[in-house]
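Undergrad: Here's a structure for you.
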Amino acid sequence: MGNRKGSVAGLGQGMKSRPNSPSRRWVKHLIGFLITAICLIVFFKQVNFREILDAFMNFQWGYLVVGLISLSFGYAMRIFRWSVLLQSAGAKAGFAVCSAPFLGSIALNNVLPLRLGDVVRALVFPNSMGVSRVAATSSLIMERLIDLISLLSCFAIGLFAIHTVAVPSELKSLAVTLSVFCGICLFLGFMFSEKLSRMLGDLVKKNDSFTKLEIVCKTAAGLLDGFNSMSRPAILIRVMIMSVFVWLGEAGLFYFVLMGAGVESSLVISMLVMSMATLSTLVPSSPGYVGPFHLAAFTAISLVGGPAAQAGSYAVIVHLSLWLPTTIAGLVAIWMRPELFRIAKSQAVKR
């Protein structure tokens, strides 16, 4: 408990010691909007508005309903997964407790730049959940790492499934190498997280000052300590199984929207489209991932043989299908749980 409290203190001090000047924030926002503008220009140069409108008119909207049901299942599994991770760290955070903060953070990611919803989930919402910031941050990082490996694996599998165009063997080998290498690194990181945490703790335990290096070491030690409790074999197996269902649920939306757009598809092809579109959200852009997502989805559909009109309408529909329901659900969750922000604000005032 002593190390954990020290880590929390280090994390809080670390946050205070990293002022982000307004000029730097504006530069980041400007870069994101420039990337969005470039992607949209490239996207609109490759499509015809009239053809996209015709594709919209011919879209079979019944498939979208089934796709949204699949997406809802995937998000339910995400919330269960987060709950399992937090409970493994000793927090009393069941599905009901985790639902509003999780959905709220997704909505904030959708409407705010630089994935600020993740920051809020790690540092603000835990106050109302009875969860330490270190546990929340560790669980979020662990989620993101597992999801990255999952998406890289889906991308590699999808590349091998493409027969409509000749995919260079070097690209296939790179995709497989990346997914395997990242998976091994993730496994080793979880395996030795306890030892690494102890090493970092020993490095700074004799010093009472708060230099930047010591703050970083204490914060890293706390996060690795969280990884250790969350990566026990039984927990890790459950989390991995849930992650499979998370991405199957999301791939279901991509698959049924493909069906509605009249594009020949399979679950493997939808996994490729999903992985390309989702990985594109790592690129800095405007809120809502507008631009990179559309261009990536358009490119993926073109790779599997879809015409430009179908690829363009698909990109727009699948983006709205992901963005609009999750944003509405998250904002409603925040509205129904005002204490998510109120408790954090009252604690900040007391400090």
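Labels used: A, B, ... for chains in the order of the structure tokens, numbers from 1 for residues in each chain, and numbers from 1 for ligands as shown.
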Using only C-alpha atoms, which residues sit within 6 Å of region 174-181 of chain A once same-chain residues fewer than 2 positions away are excluded, as a list in words?

TA: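 Answer for this query is Ile149, Leu152, Ser153, Ala156, Leu171, Lys172, Gly183 and Ile184 of chain A.
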
Undergrad: Between A:Val263, A:Leu188, A:Ser231, A:Ser275, single out the one closest to Ala308 (chain A), counting only C-alpha atoms.

TA: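 Looking at the shortest contact to Ala308 (chain A), the residue is A:Val263.
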
Undergrad: So that I can check the surroundings of Phe341 (chain A), please list as a VMD selection string every protein, DNA and RNA residue that reaches within 10 Å of it, counting only C-alpha atoms and ignoring chain neighbours fewer than 5 positions away.

TA: chain A and resid 120 124 to 128 334 346

Undergrad: Taking into account only C-alpha atoms, which residue in the set A:Ser105, A:Thr137, A:Gln60, A:Ser197 is nearest to Thr327 (chain A)?

TA: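 The closest residue to Thr327 (chain A) is A:Ser105.
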
Undergrad: I'd like the contact shell of Leu114 (chain A) - 10 Å cut-off, only C-alpha atoms, skipping same-chain residues fewer than 4 positions apart - returned as a list in words.

TA: Arg25, Lys28, His29, Gly32, Asn109, Asn110, Asp118, Val119, Leu282, Val283, Pro284, Ser285, Ser286, Pro287 and Tyr289 of chain A
